[in-house]
Structure formats: structure tokens, C-alpha cells
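**Student:** Pasting model.txt below, which is compact mmCIF, C-alpha atoms.
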# COMPACT_ATOMS: atom_id res chain seq x y z
CA MET A 1 101.41 110.59 98.50
CA PHE A 2 104.40 112.65 97.30
CA LYS A 3 102.32 114.29 94.56
CA HIS A 4 99.72 115.18 97.16
CA LEU A 5 102.31 116.81 99.40
CA THR A 6 103.83 118.66 96.47
CA SER A 7 100.47 120.10 95.53
CA LEU A 8 100.14 121.48 99.04
CA LEU A 9 103.47 123.24 98.74
CA HIS A 10 102.12 126.18 96.80
CA ASN A 11 103.76 129.24 98.33
CA VAL A 12 107.35 128.67 99.47
CA GLN A 13 109.04 131.97 100.25
CA LEU A 14 112.08 133.22 102.13
CA SER A 15 111.61 136.21 104.41
CA LEU A 16 114.88 138.03 104.83
CA PHE A 17 116.19 141.30 106.10
CA ASP A 18 116.27 143.62 103.09
CA ALA A 19 119.83 145.80 103.12
CA GLU A 20 120.09 145.88 101.71
CA THR A 21 116.97 146.12 102.30
CA SER A 22 117.92 146.06 105.60
CA PRO A 23 119.55 147.03 107.69
CA PRO A 24 119.16 146.57 109.84
CA ALA A 25 118.11 148.29 112.32
CA ALA A 26 118.64 149.55 108.78
CA ALA A 27 120.19 148.12 106.82
CA THR A 28 119.56 148.86 107.19
CA PRO A 29 118.47 147.74 106.35
CA ALA A 30 115.23 146.82 109.18
CA GLY A 31 114.24 143.41 110.67
CA PRO A 32 110.84 141.73 110.52
CA GLY A 33 107.95 143.94 111.59
CA PRO A 34 105.06 143.11 113.91
CA SER A 35 103.67 140.62 111.40
CA ALA A 36 106.60 138.31 112.16
CA ARG A 37 105.62 137.99 115.82
CA PRO A 38 103.55 135.05 117.04
CA GLN A 39 99.84 135.68 116.63
CA PRO A 40 96.92 134.35 118.70
CA GLY A 41 96.29 130.75 117.70
CA ASP A 42 99.90 130.08 116.66
CA THR A 43 101.54 127.00 118.17
CA VAL A 44 105.21 126.17 118.51
CA ARG A 45 106.17 122.66 117.48
CA LYS A 46 109.36 120.78 116.69
CA VAL A 47 110.31 118.54 113.78
CA SER A 48 113.47 116.50 113.17
CA LEU A 49 115.00 117.38 109.77
CA GLU A 50 117.98 115.29 108.73
CA GLY A 51 118.57 114.42 112.36
CA GLN A 52 118.42 118.02 113.58
CA PRO A 53 115.62 119.26 115.83
CA VAL A 54 113.99 122.31 114.26
CA PRO A 55 111.32 124.30 116.13
CA TYR A 56 108.68 125.99 114.03
CA GLU A 57 105.62 128.17 114.48
CA LEU A 58 102.45 126.69 113.04
CA ARG A 59 99.55 128.91 112.10
CA ARG A 60 96.24 127.52 110.93
CA ALA A 61 94.78 129.83 108.34
CA ARG A 62 92.08 130.11 105.71
CA ARG A 63 94.19 129.08 102.75
CA ARG A 64 94.34 126.26 100.22
CA SER A 65 98.00 125.36 100.50
CA ILE A 66 100.91 125.03 102.91
CA GLY A 67 103.27 128.00 102.98
CA PHE A 68 106.41 128.48 104.98
CA SER A 69 109.11 131.06 105.43
CA VAL A 70 112.50 131.28 107.11
CA SER A 71 113.35 134.56 108.78
CA ALA A 72 115.62 135.79 111.55
CA GLU A 73 112.99 134.49 113.95
CA GLY A 74 113.10 130.95 112.60
CA LEU A 75 110.82 128.67 110.59
CA ARG A 76 107.17 129.59 110.29
CA VAL A 77 104.48 127.45 108.69
CA SER A 78 100.98 128.43 107.62
CA ALA A 79 98.57 125.66 106.70
CA PRO A 80 94.86 125.07 106.07
CA ARG A 81 92.93 123.80 109.08
CA TRP A 82 92.07 120.52 107.34
CA VAL A 83 95.70 119.48 106.69
CA SER A 84 97.11 116.99 109.22
CA LEU A 85 100.39 117.43 111.08
CA THR A 86 101.72 114.37 109.27
CA GLU A 87 101.13 116.03 105.91
CA ILE A 88 102.61 119.33 107.08
CA GLU A 89 105.77 117.71 108.39
CA GLY A 90 105.99 115.58 105.27
CA VAL A 91 106.24 118.79 103.26
CA LEU A 92 108.92 120.12 105.63
CA HIS A 93 110.90 116.89 105.22
CA SER A 94 110.68 117.20 101.44
CA LYS A 95 112.31 120.64 101.69
CA SER A 96 114.62 119.88 104.64
CA GLY A 97 117.84 120.74 102.80
CA TRP A 98 116.56 124.16 101.79
CA ILE A 99 115.15 124.89 105.24
CA LEU A 100 118.34 123.91 107.08
CA ARG A 101 120.49 125.92 104.70
CA LYS A 102 118.36 129.04 105.12
CA LEU A 103 118.32 128.67 108.91
CA VAL A 104 122.13 128.57 108.91
CA GLU A 105 122.25 131.62 106.63
CA GLN A 106 119.91 133.50 108.94
CA ARG A 107 121.95 132.61 112.01
CA GLU A 108 125.16 133.77 110.33
CA ARG A 109 123.48 136.96 109.19
CA ALA A 110 122.20 137.63 112.70
CA GLN A 111 125.74 137.24 114.01
CA ARG A 112 127.03 139.70 111.43
CA LEU A 113 124.25 142.14 112.31
CA HIS A 114 125.15 141.94 115.98
CA ALA A 115 128.81 142.58 115.15
CA SER A 116 127.87 145.50 112.87
CA ARG A 117 126.76 147.77 115.71
CA ILE A 118 129.22 150.66 115.97
CA PRO A 119 130.57 151.18 119.53
CA TRP A 120 130.65 154.97 119.36
CA ALA A 121 133.89 155.92 121.12
CA ASP A 122 137.33 157.22 120.21
CA GLY A 123 138.95 154.62 117.94
CA CYS A 124 135.75 152.99 116.66
CA SER A 125 135.66 151.85 113.04
CA LEU A 126 133.17 151.73 110.18
CA PRO A 127 133.36 150.99 106.44
CA TYR A 128 133.91 153.87 104.05
CA LEU A 129 134.15 153.12 100.32
CA GLY A 130 134.60 149.45 101.19
CA ALA A 131 137.52 149.81 103.62
CA PRO A 132 137.69 150.35 107.40
CA LEU A 133 137.79 153.95 108.60
CA THR A 134 138.87 154.70 112.18
CA VAL A 135 137.16 157.59 113.97
CA ARG A 136 139.26 159.79 116.25
CA LEU A 137 138.20 162.54 118.63
CA ASP A 138 140.34 165.68 118.41
CA PRO A 139 139.37 168.65 120.62
CA SER A 140 142.07 170.78 118.93
CA LEU A 141 140.41 170.47 115.52
CA LYS A 142 138.18 173.29 114.38
CA GLY A 143 135.36 173.01 111.88
CA ARG A 144 134.23 169.95 109.95
CA PRO A 145 135.63 166.42 110.25
CA LEU A 146 138.95 165.86 108.51
CA LEU A 147 139.90 162.72 106.59
CA HIS A 148 143.48 161.42 106.68
CA ASP A 149 144.89 158.68 104.46
CA GLU A 150 147.91 157.31 106.35
CA PRO A 151 146.83 155.82 108.60
CA ARG A 152 143.26 156.03 107.35
CA HIS A 153 141.17 157.85 109.95
CA LEU A 154 138.57 160.58 110.36
CA ARG A 155 139.20 163.32 112.93
CA LEU A 156 136.17 164.85 114.63
CA ALA A 157 136.23 168.26 116.32
CA LEU A 158 134.78 166.84 119.52
CA PRO A 159 136.04 166.50 123.11
CA GLN A 160 137.27 163.16 124.41
CA ASP A 161 134.12 162.78 126.52
CA ALA A 162 131.77 163.32 123.56
CA GLY A 163 128.62 161.23 123.73
CA ALA A 164 127.63 158.49 121.31
CA GLU A 165 124.90 160.63 119.70
CA GLN A 166 127.33 163.51 119.10
CA MET A 167 129.78 161.17 117.41
CA ARG A 168 127.12 159.45 115.35
CA ASP A 169 125.62 162.73 114.12
CA ALA A 170 129.02 164.18 113.20
CA VAL A 171 130.07 161.06 111.29
CA GLN A 172 126.71 160.67 109.57
CA GLY A 173 126.71 164.30 108.46
CA TRP A 174 130.20 163.91 107.01
CA LEU A 175 129.30 160.67 105.24
CA GLN A 176 126.21 162.25 103.69
CA ARG A 177 128.24 165.18 102.36
CA GLU A 178 130.80 162.78 100.92
CA ALA A 179 128.02 160.69 99.41
CA ARG A 180 126.37 163.63 97.67
CA SER A 181 129.67 164.78 96.16
CA LEU A 182 130.65 161.31 94.92
CA PHE A 183 127.18 160.39 93.68
CA GLU A 184 126.98 163.61 91.67
CA GLN A 185 130.28 162.79 89.97
CA ARG A 186 129.21 159.23 89.14
CA CYS A 187 125.78 160.33 87.92
CA GLN A 188 127.40 162.77 85.51
CA HIS A 189 129.77 160.07 84.29
CA PHE A 190 127.10 157.43 83.65
CA ALA A 191 124.53 159.89 82.31
CA ALA A 192 127.01 160.82 79.59
CA ALA A 193 127.87 157.17 78.93
CA LEU A 194 124.18 156.23 78.61
CA ASP A 195 123.20 159.40 76.77
CA VAL A 196 120.46 160.24 79.29
CA ARG A 197 119.69 163.37 81.27
CA TYR A 198 118.75 163.37 84.92
CA THR A 199 117.03 166.44 86.32
CA ARG A 200 117.78 166.17 90.02
CA LEU A 201 119.81 164.09 92.48
CA SER A 202 118.69 163.70 96.08
CA LEU A 203 119.81 161.52 98.97
CA SER A 204 117.58 158.92 100.55
CA SER A 205 117.57 157.31 103.98
CA ALA A 206 115.18 154.55 102.94
CA GLN A 207 115.36 151.30 104.86
CA THR A 208 114.56 148.98 101.97
CA ARG A 209 115.68 150.70 98.75
CA TRP A 210 119.11 151.66 97.47
CA GLY A 211 117.84 153.99 94.80
CA SER A 212 115.00 155.05 92.55
CA ALA A 213 114.42 156.89 89.29
CA SER A 214 111.33 158.70 88.06
CA ALA A 215 110.16 159.34 84.54
CA SER A 216 110.84 163.05 85.16
CA GLY A 217 114.54 162.28 85.50
CA ALA A 218 114.76 162.62 89.28
CA ILE A 219 117.29 160.23 90.86
CA ARG A 220 117.33 159.25 94.53
CA LEU A 221 120.28 157.34 96.01
CA ASN A 222 120.63 155.99 99.52
CA TRP A 223 123.47 157.81 101.28
CA ARG A 224 124.53 154.57 102.99
CA LEU A 225 125.90 153.35 99.67
CA ILE A 226 129.00 155.32 100.70
CA HIS A 227 129.92 152.32 102.88
CA PHE A 228 130.36 150.13 99.78
CA THR A 229 133.23 149.81 97.33
CA PRO A 230 133.18 152.18 94.31
CA PRO A 231 132.08 149.40 91.88
CA VAL A 232 128.96 148.76 93.98
CA ILE A 233 128.14 152.46 94.03
CA ASP A 234 128.66 152.59 90.27
CA TYR A 235 126.29 149.66 89.81
CA VAL A 236 123.46 151.39 91.67
CA VAL A 237 124.06 154.67 89.84
CA ALA A 238 124.15 152.92 86.46
CA HIS A 239 121.05 150.90 87.40
CA GLU A 240 118.98 153.97 88.22
CA LEU A 241 120.14 155.97 85.22
CA ALA A 242 119.44 152.98 82.95
CA HIS A 243 115.81 153.33 84.02
CA LEU A 244 115.73 156.63 82.15
CA ARG A 245 116.10 154.47 79.02
CA GLU A 246 114.02 151.48 80.15
CA MET A 247 111.55 152.06 83.00
CA ASN A 248 111.35 148.34 83.77
CA HIS A 249 113.56 145.33 84.56
CA SER A 250 113.30 143.66 81.18
CA GLU A 251 116.14 142.03 79.26
CA ARG A 252 116.54 145.31 77.41
CA PHE A 253 117.03 147.11 80.72
CA TRP A 254 119.78 144.75 81.89
CA ALA A 255 121.46 145.08 78.49
CA VAL A 256 121.56 148.85 79.04
CA VAL A 257 123.19 148.34 82.47
CA ALA A 258 125.69 145.87 81.01
CA SER A 259 126.62 148.31 78.24
CA VAL A 260 128.32 150.57 80.80
CA MET A 261 129.09 148.00 83.49
CA PRO A 262 129.65 144.51 82.04
CA ASP A 263 130.50 142.95 85.43
CA TYR A 264 127.50 144.38 87.25
CA GLU A 265 126.42 140.94 88.57
CA GLN A 266 129.35 140.82 91.01
CA ALA A 267 128.49 144.24 92.43
CA ARG A 268 124.83 143.24 92.59
CA ARG A 269 125.68 140.19 94.72
CA GLN A 270 127.81 142.24 97.08
CA LEU A 271 125.02 144.77 97.50
CA ARG A 272 122.62 141.97 98.41
CA ASP A 273 124.90 140.08 100.80
CA GLU A 274 126.77 142.83 102.65
CA VAL A 275 125.72 143.76 106.20
CA LEU A 276 126.09 147.49 106.82
CA PRO A 277 127.00 149.13 110.15
CA ARG A 278 124.20 149.97 112.54
CA PHE A 279 124.18 153.66 113.40
CA GLU A 280 122.07 153.68 116.53
CA PRO A 281 124.08 155.12 119.51
I need this file expressed as C-alpha cells, please.
**Tutor:**
Amino acid sequence: MFKHLTSLLHNVQLSLFDAETSPPAAATPAGPGPSARPQPGDTVRKVSLEGQPVPYELRRARRRSIGFSVSAEGLRVSAPRWVSLTEIEGVLHSKSGWILRKLVEQRERAQRLHASRIPWADGCSLPYLGAPLTVRLDPSLKGRPLLHDEPRHLRLALPQDAGAEQMRDAVQGWLQREARSLFEQRCQHFAAALDVRYTRLSLSSAQTRWGSASASGAIRLNWRLIHFTPPVIDYVVAHELAHLREMNHSERFWAVVASVMPDYEQARRQLRDEVLPRFEP
């Protein structure tokens, strides 16, 4: 019986927000698209896993195996029409530990996403280079935003009654300028260290990618990396420039990355796990 259930479990996958991919409403990284919504013919059922009631969406589909995913919207199961509910739930029981752990992770991530929305008003805060940055409205200021170190805050040349969109646009424009300046410096540093030549650097606002490199030497980096600590930014820069030596993700590629950033794994984990602020007003 167990072997039969195992053979049905052919396509186990976890559907997550990308930040990275993200967020989140961009994130980020963005959340699940229309395909994650219930479809005609789906049914909602409930199964007890390790004593905990777990609702799940069941879709009968033309497929040869049972597949399931855990997303922000919960557990979803897709199974052939000929497989019984007993067999389906037997598979879920066999993977109960994994399912429960991923559901908890999704709930915690959803809580962090909710908390990541920036309340655009005088005194709001957002991460800049891995540390909180307070935003202050200063009608007396002329010109571009001004960064202060002690205490760490960003002054905007806006009136006290400035709207959320005004604040967001001013902060985002400043962050993008800071990102371009910093990314250019780090690209020059790592290009020299790797003995490669990039031809152009541009900023990206992609929802699911932190960076890209083309065979022509063009590098694109997501401006929202400016929220992360410098080591995380360095990891992405080194990663993309390493592609100018190895246009793949082979062992040779990771050796190139490690040659200039031996502890890249730690930065890679932070990039994957961090929830970035949501910029919608």
C-alpha cells in the first residue's frame, strides 16, 4: 500500500512568493496570480494531519500522479479522477510533517508581508542598506532629499500635508539614485576582481528577479537591492558578473562566485528569506 501511495506522489512542489521573487506586492516581490484561485470543479475538503485540521483544495485533473503545493492561499491538491479520497489523504498523511511546516512558514511570511507595508507619513521607516531609515517631511528643505546619519533619517522637501504618493515617489527616486551609484561602484570592484568587462549597467524593477547578465556584458540589477545589507548587494553583483565567465549555474560558476565572495551562501539565504517593504501608497 505504501509503495502504491509513494508512486502516486510524483510532483511535490512548494509554491512561494518569489522576493525575492516577491514581493510582494513586489517583493516584491508579487503573490500568486490568477492560477492560484479556485477553478470550476475544485472542491474544498479537510483532513486531520497530526491532530490538526487542515483544509485543502482538491482538483481532479487529467494527470497520472498526485501533486500538491503549499502557497499563501493554503494547501492545494491535484489528482487523477480515478484516485480515491482515501489514497489522496494517505499521501497527505505521509507528507504531513512537510505540509504542516510549510503552512506555518507561509503564515509567518504572510504576517511579515502585512507588516512590511509602509505607512507613508512623517516619521515612517523603511530599510536602507540593511538598517532602518526614518523619513521626515521638511518644508524648509530645497532640492533633493537629504540623508543624515545621527539620528539616521532622510529629509524630504515636502510639506507636512504631503500625500502618500508624493512621499513614495520622492523616496523611491532617491533610493534608485543611491542604488545606481552604489551598484556602479560594486560592479567596478568585482569586475576587476574577476577580470571581466561589463558593457552597461541598468536598473530593473522586476518582480521576480534580482539581476541578470547577458553575453554582451550588459548587467541589470534590481534597484530594491538597496534595502539589503552591503554583503547581500555584493553577492548579487558578484553573481551576475560571474556569469560573464560562466553563463550557467554549474559547479564552475559557483567556484567563480566563491573566489571573490567565499561566504556567499549566507548572503544568498538572506536574499531568499527577507521580506522587503511594500511601496504601494
**Student:** Would you compute the distance between atom CA of Leu203 of chain A and atom CA of Gln176 of chain A? Give it in Å to one decimal.
**Tutor:**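 Taking atom CA of Leu203 of chain A as the start and atom CA of Gln176 of chain A as the end point, the length is 8.0 Å.
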**Student:** Using all atoms listed in the file, which residues sit within 9 Å of Lys142 of chain A once same-chain residues fewer than 4 positions away are excluded, as a PyMOL selection string?
**Tutor:** chain A and resi 138+156-158
**Student:** Considering all atoms listed in the file, can you say which of A:Pro139, A:Pro132, A:Gly97, A:Pro119 comes closest to Pro151 of chain A?
**Tutor:**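 Selected residue with least distance to Pro151 of chain A: A:Pro132.
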**Student:** For a cut-off of 9 Å around (118.8, 132.9, 108.2), file coordinates, pick out all residues using all atoms listed in the file and list them as a PyMOL selection string.
**Tutor:** chain A and resi 15-16+70-74+101-110
**Student:** Which of these, A:Arg59, A:His239, A:Arg168, A:Arg81, has the shortest distance to Cys124 of chain A once you count all atoms listed in the file?
**Tutor:**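 The closest residue to Cys124 of chain A is A:Arg168.
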**Student:** Give me the residues within 8 Å of Tyr56 of chain A as a compact mmCIF listing (two decimals) with C-alpha atoms, in the coordinates of the input, counting only C-alpha atoms and dropping any in the same chain fewer than 5 places off.
**Tutor:**
# COMPACT_ATOMS: atom_id res chain seq x y z
CA VAL A 44 105.21 126.17 118.51
CA ARG A 45 106.17 122.66 117.48
CA LYS A 46 109.36 120.78 116.69
CA VAL A 47 110.31 118.54 113.78
CA GLY A 74 113.10 130.95 112.60
CA LEU A 75 110.82 128.67 110.59
CA ARG A 76 107.17 129.59 110.29
CA VAL A 77 104.48 127.45 108.69
**Student:** If we draw a sphere of 7 Å around (136.2, 148.3, 100.0), which residues have at least one atom in it when counting only C-alpha atoms? Please report them as a list in words.
**Tutor:**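 Applying the cut-off with only C-alpha atoms, one gets Leu129, Gly130, Ala131, Phe228 and Thr229 of chain A.
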**Student:** Which value, in Å to one decimal, gives the distance between atom CA of Gly217 of chain A and atom CA of Ser259 of chain A?
**Tutor:**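 Value for the atom CA of Gly217 of chain A-atom CA of Ser259 of chain A distance: 19.8 Å.
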**Student:** Please determine, counting all atoms listed in the file, which residue among A:Pro127, A:Gly173, A:Gly51, A:Gly211 has the shortest atom-to-atom distance to Arg152 of chain A.
**Tutor:**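 Checking each candidate against Arg152 of chain A, we get A:Pro127 as the closest.
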**Student:** Find the residue from A:Arg224, A:Arg252, A:Val91, A:Glu265 that sits nearest to Arg180 of chain A; use all atoms listed in the file when measuring.
**Tutor:**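 Comparing A:Arg224, A:Arg252, A:Val91, A:Glu265 against Arg180 of chain A, the winner is A:Arg224.
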**Student:** Skip Ala162 of chain A itself and residues of its chain fewer than 4 positions away, then list as a ChimeraX atom specification all residues within 9 Å of it, counting all atoms listed in the file.
**Tutor:** /A:121-122,137,158,166-167
**Student:** Would you please work out which residue, of A:Asp263, A:Val257, A:Ile233, A:Ala192, is nearest to Trp210 of chain A when using all atoms listed in the file?
**Tutor:** A:Ile233
**Student:** Counting only C-alpha atoms, which residue out of A:Glu87, A:Glu274, A:Glu178, A:Asp42 sits closest to Trp223 of chain A?
**Tutor:** A:Glu178
**Student:** Kindly add N, CA and C atoms to the incomplete segment 206-218 of chain A and provide the output as a PDB file, in the coordinates of the input.
**Tutor:**
ATOM      1  N   ALA A 206     116.141 155.648 102.958  1.00  0.00           N
ATOM      2  CA  ALA A 206     115.180 154.550 102.940  1.00  0.00           C
ATOM      3  C   ALA A 206     115.776 153.290 103.573  1.00  0.00           C
ATOM      4  N   GLN A 207     114.926 152.515 104.212  1.00  0.00           N
ATOM      5  CA  GLN A 207     115.360 151.300 104.860  1.00  0.00           C
ATOM      6  C   GLN A 207     115.411 150.113 103.910  1.00  0.00           C
ATOM      7  N   THR A 208     114.690 150.164 102.816  1.00  0.00           N
ATOM      8  CA  THR A 208     114.560 148.980 101.970  1.00  0.00           C
ATOM      9  C   THR A 208     114.904 149.225 100.501  1.00  0.00           C
ATOM     10  N   ARG A 209     115.358 150.429 100.152  1.00  0.00           N
ATOM     11  CA  ARG A 209     115.680 150.700  98.750  1.00  0.00           C
ATOM     12  C   ARG A 209     117.014 151.420  98.658  1.00  0.00           C
ATOM     13  N   TRP A 210     117.817 151.010  97.677  1.00  0.00           N
ATOM     14  CA  TRP A 210     119.110 151.660  97.470  1.00  0.00           C
ATOM     15  C   TRP A 210     119.005 152.849  96.532  1.00  0.00           C
ATOM     16  N   GLY A 211     117.983 152.874  95.707  1.00  0.00           N
ATOM     17  CA  GLY A 211     117.840 153.990  94.800  1.00  0.00           C
ATOM     18  C   GLY A 211     116.529 153.930  94.050  1.00  0.00           C
ATOM     19  N   SER A 212     116.217 155.015  93.357  1.00  0.00           N
ATOM     20  CA  SER A 212     115.000 155.050  92.550  1.00  0.00           C
ATOM     21  C   SER A 212     115.191 156.097  91.454  1.00  0.00           C
ATOM     22  N   ALA A 213     114.400 155.935  90.399  1.00  0.00           N
ATOM     23  CA  ALA A 213     114.420 156.890  89.290  1.00  0.00           C
ATOM     24  C   ALA A 213     112.985 157.134  88.850  1.00  0.00           C
ATOM     25  N   SER A 214     112.671 158.373  88.531  1.00  0.00           N
ATOM     26  CA  SER A 214     111.330 158.700  88.060  1.00  0.00           C
ATOM     27  C   SER A 214     111.381 159.080  86.599  1.00  0.00           C
ATOM     28  N   ALA A 215     110.235 159.015  85.960  1.00  0.00           N
ATOM     29  CA  ALA A 215     110.160 159.340  84.540  1.00  0.00           C
ATOM     30  C   ALA A 215     110.546 160.800  84.284  1.00  0.00           C
ATOM     31  N   SER A 216     110.455 161.638  85.306  1.00  0.00           N
ATOM     32  CA  SER A 216     110.840 163.050  85.160  1.00  0.00           C
ATOM     33  C   SER A 216     112.345 163.247  85.165  1.00  0.00           C
ATOM     34  N   GLY A 217     113.085 162.171  85.474  1.00  0.00           N
ATOM     35  CA  GLY A 217     114.540 162.280  85.500  1.00  0.00           C
ATOM     36  C   GLY A 217     115.118 162.486  86.882  1.00  0.00           C
ATOM     37  N   ALA A 218     114.278 162.454  87.909  1.00  0.00           N
ATOM     38  CA  ALA A 218     114.760 162.620  89.280  1.00  0.00           C
ATOM     39  C   ALA A 218     115.374 161.314  89.777  1.00  0.00           C
TER      40      ALA A 218
END
